[in-house]
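Q: Have a look at the structure that comes next, please.
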Amino acid sequence: MSTTAWPVLGPAFDEFALSERTLPELLRRAAVRFGERRFATLPGGSLRFSELPGIAARAAGALASIGVGGGDTVALLLTNRIEFVQTVWAQAWRGGVVIPVNPALRGAALIHVLNDGGARVLVCGSELLDRVLDVWDAFDTLERVVVVGPSDLVVDQAVPVSAWGTVFDGAEPLACLESSFDDPAMIVYTSGTTGPAKGVVMSHHHAFCLAALAADNMEWGPDDHLFTPLPLCHVQAHLSVLTAGLVCGAEVTVVEKFSASRLWKDLTACGATSVNLGPTAAIVAKQPPGEFDATHRVRTVVANPPPADMAAFERRFGARLHYQGYGMTEGYFNPRMRNEAVKARNCVGRPAPTVELEILDDHGAALAHDGSSVGEIVVRPNLPSVMITRYHNNAKATAEAFRGLWFHTGDLGSIDSDGFVYLNGRKTDSMRRRGENISAAEIEAEALAHQAIALAAAFGVPSELGDDDVKLDVVLADGASLDTADLIQHLRTRLAHYMMPRYIQIRADMPMTATAKIEKYRLRAEGVAGAHYDAGERSASDQTRRS
């Protein structure tokens, strides 16, 4: 496949007519097409393609046995386990909706997602049950918890609890209640960095497009073995890897969690040909050389963002990087790039044929495709239900997002004459200093290119001159030390003078959302009092070590 033809709609996408792009149909077709071959290995078990419709029917029967109706909403609070996919397929089989909940959530954030989503039943890992019981009285619609794991739990009798193993083992399979491609299959909640998390209503076709676009643009097929350590509660692992394997016939291995030190050993052991590392590739690149760096079969590595030195990564591990695609829970807009390393690091590829993408100014007018005119990235579908159509239970947010017949992403960017999109950070994350607009993403990318830095967050703080000063907060890699003078010199060779941070703070950690995004609003609220460096005052506290 040539670079000029990319991105594409290929065999995985074209295999299914629009009316057939539902999760139950994907299961049935995969069983026929790929038969007794192994489909997936996850913590808790493995699955063959031929088994998948029967597993969905039986899991649907298990939920029905505890009173779950065809249109009911079931939430999942699970780590990477086989029961996760069993429950997703069960709900799709019976025309219901599933809410994948990040297992890091607790307290108010957990209450918000379950109440806003209207879940009646929660399938919950036994190790996470306490956080549910601690706030049980705050749930509005939740009626029952189904526990995955040890079933000999001592639970308050006021809380109806069932053991997944018991209800699944004794279940009778149910007939499929057919869904339309545009029916809702999931409600996936955003990270909530600027306010309460919003529920993205994801149709069957939306889920299919995430999977098929990934399979086609990565050129995956039945000879591939896909691997991911990313959490299944996120669409990247669940749809762009696991379900991508379902539509193209690839085998999939999902491990419990990411381990940089064990990664290449695990890849060698399972025979993976492609690994999706998401945002962890930079951590992998900074690991010391290991005995399994060259013993694997991996041909392609998915990374967003890519490691600082892409060529060195590819030479070391003998695999090609696919990197810097663009999308969000609301839609998969730009498949990941390949063979375009000469592009700037903020390039995120070209739009998929499923959507139209444009750059608008503050008045809603389209900007020139010159690679330098920056405005808000907006998109709209070229096919029905390939992306979000509404936020659950939030008409105001839906109307705001879809104003002017475009979906407004909230991201700033530009497009060049060849159709490549360049990302300039969040619209709410931009800064203006001395009359110049500044992208936090550009500053962060250059900071992360420093070997000592593991996390970076750039943001604006009030200036005595009436606009913004730039503050850069960083977390060091394990065992690293950093002299702020060295970091300043590093940035001066890479950033325009007006983008240079006035303040630098070296932190032990960052405030994070449950989806591992930095909560910059909390950093802004802290102000500059903790800064180790102030370009106006040259603080003496210029060296910090993280042990």
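Identifiers for the structure tokens are assigned positionally: chains receive A, B, ... in sequence, residues are indexed from 1 per chain, and ligands are indexed from 1 in the order shown.
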If we count only C-alpha atoms, what is near range 256-270 of chain A at a cut-off of 9 Å, once residues fewer than 6 positions away on the same chain are taken out, given as a list in words?
A: Leu42, Pro43, Thr79, Asn80, Arg81, His225, Phe227, Thr228, Pro229, Leu230, Pro231, Leu277, Thr280, Ala281, Ile283, Val284, Gln287, Pro288, Gly290, Glu291, Phe292, Asp293, Ala294, Thr295, His296, Arg297 and Val298 of chain A
Q: Within 6 Å of range 451-468 of chain A, counting only C-alpha atoms, which residues qualify if same-chain residues fewer than 6 places away don't, as a compact mmCIF listing (two decimals) with C-alpha atoms, in the first residue's frame?
A:
```
# COMPACT_ATOMS: atom_id res chain seq x y z
CA MET A 431 -1.60 31.15 25.84
CA ARG A 432 -1.00 34.69 24.61
CA ARG A 433 2.22 36.39 25.55
CA ALA A 440 1.34 24.43 25.22
CA GLU A 444 5.65 20.13 26.25
CA VAL A 474 7.77 18.65 34.97
CA VAL A 475 8.14 15.26 36.63
CA LEU A 476 11.50 13.57 36.32
CA ALA A 477 12.14 10.04 35.15
CA ALA A 480 17.02 11.25 37.07
```
Q: Check the smallest atom-to-atom distance from each of A:Arg492, A:Arg58, A:Arg338, A:Arg507 to Gln86 in chain A using only C-alpha atoms, then report the winner.
A: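 Selected residue with least distance to Gln86 in chain A: A:Arg58.
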Q: Quick one: which range 314-341 of chain A residues come within 10 Å of range 236-242 of chain A, and what is the nearest atom pair for each with the distance in Å to one decimal, counting only C-alpha atoms, rows ordered by chain and ascending number, as a tab-separated table?
A:
```
residue	atom	partner	partner_atom	distance
A:Gly327	CA	A:Gln236	CA	10.0
A:Met328	CA	A:Gln236	CA	9.3
A:Thr329	CA	A:Gln236	CA	8.8
A:Tyr332	CA	A:Ser240	CA	9.5
```
Q: Return the single residue from A:Asp216, A:Glu83, A:Asp116, A:Asp182 that is closest to Pro196 in chain A, with distances computed using only C-alpha atoms.
A: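 The closest residue to Pro196 in chain A is A:Asp116.
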Q: Pick from A:Val145, A:Gly61, A:Asn393, A:Tyr323: nearest to His112 in chain A, with only C-alpha atoms counted?
A: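 Closest to His112 in chain A of all the choices is A:Asn393.
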Q: Excluding Pro222 in chain A and any residue of its chain fewer than 6 positions from it, enumerate the residues within 12 Å of it, using only C-alpha atoms, and give them as a PDB file with N, CA and C atoms, in the first residue's frame.
A:
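Printed below is out08.pdb as written:
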```
ATOM      1  N   PRO A  11     -10.057  -3.653   3.116  1.00  0.00           N
ATOM      2  CA  PRO A  11     -10.824  -4.908   3.177  1.00  0.00           C
ATOM      3  C   PRO A  11     -11.603  -5.094   4.470  1.00  0.00           C
ATOM      4  N   ALA A  12     -11.067  -4.670   5.605  1.00  0.00           N
ATOM      5  CA  ALA A  12     -11.809  -4.838   6.857  1.00  0.00           C
ATOM      6  C   ALA A  12     -13.083  -4.006   6.839  1.00  0.00           C
ATOM      7  N   ALA A  30     -17.218 -13.396  12.150  1.00  0.00           N
ATOM      8  CA  ALA A  30     -15.874 -13.836  12.516  1.00  0.00           C
ATOM      9  C   ALA A  30     -15.862 -15.336  12.790  1.00  0.00           C
ATOM     10  N   ARG A  33     -15.898 -16.994   9.340  1.00  0.00           N
ATOM     11  CA  ARG A  33     -14.719 -16.713   8.509  1.00  0.00           C
ATOM     12  C   ARG A  33     -13.443 -17.328   9.075  1.00  0.00           C
ATOM     13  N   PHE A  34     -13.297 -17.308  10.417  1.00  0.00           N
ATOM     14  CA  PHE A  34     -12.011 -17.661  11.008  1.00  0.00           C
ATOM     15  C   PHE A  34     -12.062 -18.909  11.881  1.00  0.00           C
ATOM     16  N   GLY A  35     -13.250 -19.443  12.122  1.00  0.00           N
ATOM     17  CA  GLY A  35     -13.429 -20.768  12.702  1.00  0.00           C
ATOM     18  C   GLY A  35     -12.695 -21.036  14.002  1.00  0.00           C
ATOM     19  N   ARG A  37      -9.602 -20.945  14.848  1.00  0.00           N
ATOM     20  CA  ARG A  37      -8.395 -20.213  15.206  1.00  0.00           C
ATOM     21  C   ARG A  37      -8.609 -19.435  16.491  1.00  0.00           C
ATOM     22  N   ARG A  38      -7.524 -19.272  17.227  1.00  0.00           N
ATOM     23  CA  ARG A  38      -7.623 -18.503  18.472  1.00  0.00           C
ATOM     24  C   ARG A  38      -7.811 -17.030  18.147  1.00  0.00           C
ATOM     25  N   PHE A  39      -8.760 -16.417  18.826  1.00  0.00           N
ATOM     26  CA  PHE A  39      -8.993 -14.984  18.654  1.00  0.00           C
ATOM     27  C   PHE A  39      -8.238 -14.160  19.687  1.00  0.00           C
ATOM     28  N   PHE A  49     -12.436 -17.930  17.661  1.00  0.00           N
ATOM     29  CA  PHE A  49     -13.441 -17.222  16.872  1.00  0.00           C
ATOM     30  C   PHE A  49     -14.760 -17.973  16.841  1.00  0.00           C
ATOM     31  N   ALA A 215      -7.579  -1.435  11.559  1.00  0.00           N
ATOM     32  CA  ALA A 215      -7.118  -2.643  10.862  1.00  0.00           C
ATOM     33  C   ALA A 215      -6.647  -2.337   9.443  1.00  0.00           C
ATOM     34  N   ALA A 244     -10.540  -4.550  16.402  1.00  0.00           N
ATOM     35  CA  ALA A 244      -9.857  -4.557  15.100  1.00  0.00           C
ATOM     36  C   ALA A 244      -9.441  -5.971  14.727  1.00  0.00           C
ATOM     37  N   GLY A 245      -8.949  -6.736  15.714  1.00  0.00           N
ATOM     38  CA  GLY A 245      -8.619  -8.131  15.462  1.00  0.00           C
ATOM     39  C   GLY A 245      -9.842  -8.937  15.074  1.00  0.00           C
ATOM     40  N   LEU A 246     -10.977  -8.611  15.663  1.00  0.00           N
ATOM     41  CA  LEU A 246     -12.224  -9.309  15.355  1.00  0.00           C
ATOM     42  C   LEU A 246     -12.635  -9.107  13.897  1.00  0.00           C
ATOM     43  N   VAL A 247     -12.483  -7.883  13.378  1.00  0.00           N
ATOM     44  CA  VAL A 247     -12.951  -7.616  12.008  1.00  0.00           C
ATOM     45  C   VAL A 247     -11.965  -8.086  10.946  1.00  0.00           C
ATOM     46  N   CYS A 248     -10.675  -8.226  11.299  1.00  0.00           N
ATOM     47  CA  CYS A 248      -9.699  -8.611  10.266  1.00  0.00           C
ATOM     48  C   CYS A 248      -9.134 -10.014  10.464  1.00  0.00           C
ATOM     49  N   GLY A 249      -9.509 -10.689  11.553  1.00  0.00           N
ATOM     50  CA  GLY A 249      -9.065 -12.053  11.770  1.00  0.00           C
ATOM     51  C   GLY A 249      -7.719 -12.200  12.440  1.00  0.00           C
ATOM     52  N   ALA A 250      -7.191 -11.132  13.023  1.00  0.00           N
ATOM     53  CA  ALA A 250      -5.916 -11.221  13.723  1.00  0.00           C
ATOM     54  C   ALA A 250      -6.107 -11.789  15.127  1.00  0.00           C
ATOM     55  N   GLU A 251      -5.089 -12.461  15.629  1.00  0.00           N
ATOM     56  CA  GLU A 251      -5.087 -12.889  17.023  1.00  0.00           C
ATOM     57  C   GLU A 251      -4.708 -11.700  17.894  1.00  0.00           C
ATOM     58  N   VAL A 252      -5.226 -11.664  19.127  1.00  0.00           N
ATOM     59  CA  VAL A 252      -5.000 -10.528  20.024  1.00  0.00           C
ATOM     60  C   VAL A 252      -4.596 -11.035  21.395  1.00  0.00           C
ATOM     61  N   THR A 273       3.052  -9.564  16.370  1.00  0.00           N
ATOM     62  CA  THR A 273       3.611  -8.872  15.205  1.00  0.00           C
ATOM     63  C   THR A 273       3.380  -7.365  15.270  1.00  0.00           C
TER      64      THR A 273
END
```
Q: Choose the residue, out of A:Phe84, A:Ala308, A:Phe420, A:Met337, that has the smallest atom-to-atom separation from Ala449 in chain A; count only C-alpha atoms.
A: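 Smallest distance to Ala449 in chain A is found for A:Ala308.
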Q: Between A:Glu172, A:Glu25, A:Asp534, A:Glu127, which one has atoms that come closest to Ala64 in chain A, using only C-alpha atoms?
A: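 Nearest candidate to Ala64 in chain A out of A:Glu172, A:Glu25, A:Asp534, A:Glu127: A:Glu172.
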Q: Quick check, in Å to one decimal: how far apart do CA of Pro24 in chain A and CA of Val188 in chain A lie?
A: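 Spanning CA of Pro24 in chain A to CA of Val188 in chain A is a straight-line distance of 19.1 Å.
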Q: Hey, what's within 7 Å of range 408-419 of chain A if we count only C-alpha atoms and toss same-chain stuff fewer than 4 positions away? As a count of residues only, please?
A: 20
Q: Take CA of Thr354 in chain A and CA of Thr389 in chain A and report the distance between them in Å, one decimal.
A: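 Going from CA of Thr354 in chain A over to CA of Thr389 in chain A covers 14.3 Å.
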Q: Apply DSSP to the backbone of this structure and, from range 403-476 of chain A, keep only the residues in helix (DSSP H, G or I); write these as a PDB file with C-alpha atoms, in the first residue's frame.
A:
```pdb
ATOM      1  CA  ARG A 403     -23.005  24.421  16.387  1.00  0.00           C
ATOM      2  CA  GLY A 404     -22.832  25.532  12.766  1.00  0.00           C
ATOM      3  CA  LEU A 405     -23.323  21.940  11.487  1.00  0.00           C
ATOM      4  CA  LYS A 427      -8.374  25.834  22.564  1.00  0.00           C
ATOM      5  CA  THR A 428      -8.664  26.284  26.325  1.00  0.00           C
ATOM      6  CA  ASP A 429      -4.959  25.451  26.666  1.00  0.00           C
ATOM      7  CA  ALA A 440       1.337  24.427  25.218  1.00  0.00           C
ATOM      8  CA  ALA A 441       1.735  21.230  23.187  1.00  0.00           C
ATOM      9  CA  GLU A 442       4.847  22.552  21.430  1.00  0.00           C
ATOM     10  CA  ILE A 443       6.541  23.484  24.703  1.00  0.00           C
ATOM     11  CA  GLU A 444       5.645  20.131  26.253  1.00  0.00           C
ATOM     12  CA  ALA A 445       6.955  18.185  23.268  1.00  0.00           C
ATOM     13  CA  GLU A 446      10.346  19.876  23.472  1.00  0.00           C
ATOM     14  CA  ALA A 447      10.521  19.448  27.241  1.00  0.00           C
ATOM     15  CA  LEU A 448       9.783  15.730  26.898  1.00  0.00           C
TER      16      LEU A 448
END
```
Q: When DSSP is applied to the backbone of this structure, which of range 9-129 of chain A are assigned strand (DSSP E or B)? Write them out as a list in words.
A: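 Selection result, strand (DSSP E or B) within range 9-129 of chain A: Arg38, Phe39, Ala40, Thr41, Leu42, Gly45, Ser46, Leu47, Arg48, Thr73, Val74, Ala75, Leu76, Leu77, Val97, Val98, Ile99, Pro100, Val121, Leu122, Val123, Cys124 and Gly125 of chain A.
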Q: Keeping only N, CA and C atoms, take the residues you just selected and write them out as a compact mmCIF listing (two decimals), in the first residue's frame.
A:
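Generated file (part-v8.txt):
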```txt
# COMPACT_ATOMS: atom_id res chain seq x y z
N ARG A 38 -7.52 -19.27 17.23
CA ARG A 38 -7.62 -18.50 18.47
C ARG A 38 -7.81 -17.03 18.15
N PHE A 39 -8.76 -16.42 18.83
CA PHE A 39 -8.99 -14.98 18.65
C PHE A 39 -8.24 -14.16 19.69
N ALA A 40 -8.46 -14.43 20.97
CA ALA A 40 -7.90 -13.53 21.98
C ALA A 40 -7.50 -14.28 23.23
N THR A 41 -6.43 -13.78 23.85
CA THR A 41 -6.00 -14.23 25.16
C THR A 41 -6.00 -13.02 26.08
N LEU A 42 -6.75 -13.13 27.17
CA LEU A 42 -6.85 -12.06 28.15
C LEU A 42 -6.67 -12.66 29.54
N GLY A 45 -8.62 -16.08 30.65
CA GLY A 45 -8.96 -17.10 29.67
C GLY A 45 -8.62 -16.70 28.26
N SER A 46 -8.92 -17.61 27.33
CA SER A 46 -8.70 -17.36 25.91
C SER A 46 -9.96 -17.74 25.15
N LEU A 47 -10.08 -17.22 23.91
CA LEU A 47 -11.28 -17.39 23.12
C LEU A 47 -10.92 -17.78 21.70
N ARG A 48 -11.72 -18.67 21.10
CA ARG A 48 -11.60 -18.97 19.68
C ARG A 48 -12.71 -18.26 18.92
N THR A 73 -29.16 -0.67 30.83
CA THR A 73 -27.77 -0.22 30.81
C THR A 73 -26.99 -0.94 31.90
N VAL A 74 -25.86 -1.52 31.51
CA VAL A 74 -24.97 -2.22 32.44
C VAL A 74 -23.61 -1.53 32.41
N ALA A 75 -23.06 -1.27 33.58
CA ALA A 75 -21.75 -0.63 33.67
C ALA A 75 -20.69 -1.66 34.03
N LEU A 76 -19.45 -1.38 33.64
CA LEU A 76 -18.31 -2.26 33.91
C LEU A 76 -17.27 -1.50 34.72
N LEU A 77 -16.88 -2.04 35.85
CA LEU A 77 -15.76 -1.50 36.62
C LEU A 77 -14.76 -2.64 36.76
N VAL A 97 -27.10 -1.39 26.35
CA VAL A 97 -25.99 -0.44 26.33
C VAL A 97 -25.05 -0.76 27.49
N VAL A 98 -23.75 -0.61 27.24
CA VAL A 98 -22.75 -0.85 28.27
C VAL A 98 -21.97 0.44 28.52
N ILE A 99 -21.60 0.66 29.78
CA ILE A 99 -20.76 1.81 30.15
C ILE A 99 -19.44 1.28 30.69
N PRO A 100 -18.36 1.37 29.91
CA PRO A 100 -17.05 0.97 30.44
C PRO A 100 -16.53 2.08 31.37
N VAL A 121 -27.17 -2.17 36.59
CA VAL A 121 -26.33 -3.26 37.09
C VAL A 121 -24.88 -2.88 36.84
N LEU A 122 -24.01 -3.21 37.80
CA LEU A 122 -22.58 -2.96 37.68
C LEU A 122 -21.85 -4.30 37.77
N VAL A 123 -21.05 -4.61 36.75
CA VAL A 123 -20.16 -5.77 36.80
C VAL A 123 -18.82 -5.23 37.30
N CYS A 124 -18.39 -5.74 38.46
CA CYS A 124 -17.30 -5.11 39.20
C CYS A 124 -16.25 -6.13 39.62
N GLY A 125 -14.98 -5.78 39.46
CA GLY A 125 -13.91 -6.62 39.96
C GLY A 125 -13.95 -6.68 41.49
```
Q: Show me, as a PyMOL selection string, the residues that have an atom within 8 Å of Ala60 in chain A when counting only C-alpha atoms, minus same-chain residues fewer than 6 positions from it.
A: chain A and resi 87+89-91+93-94+173-174
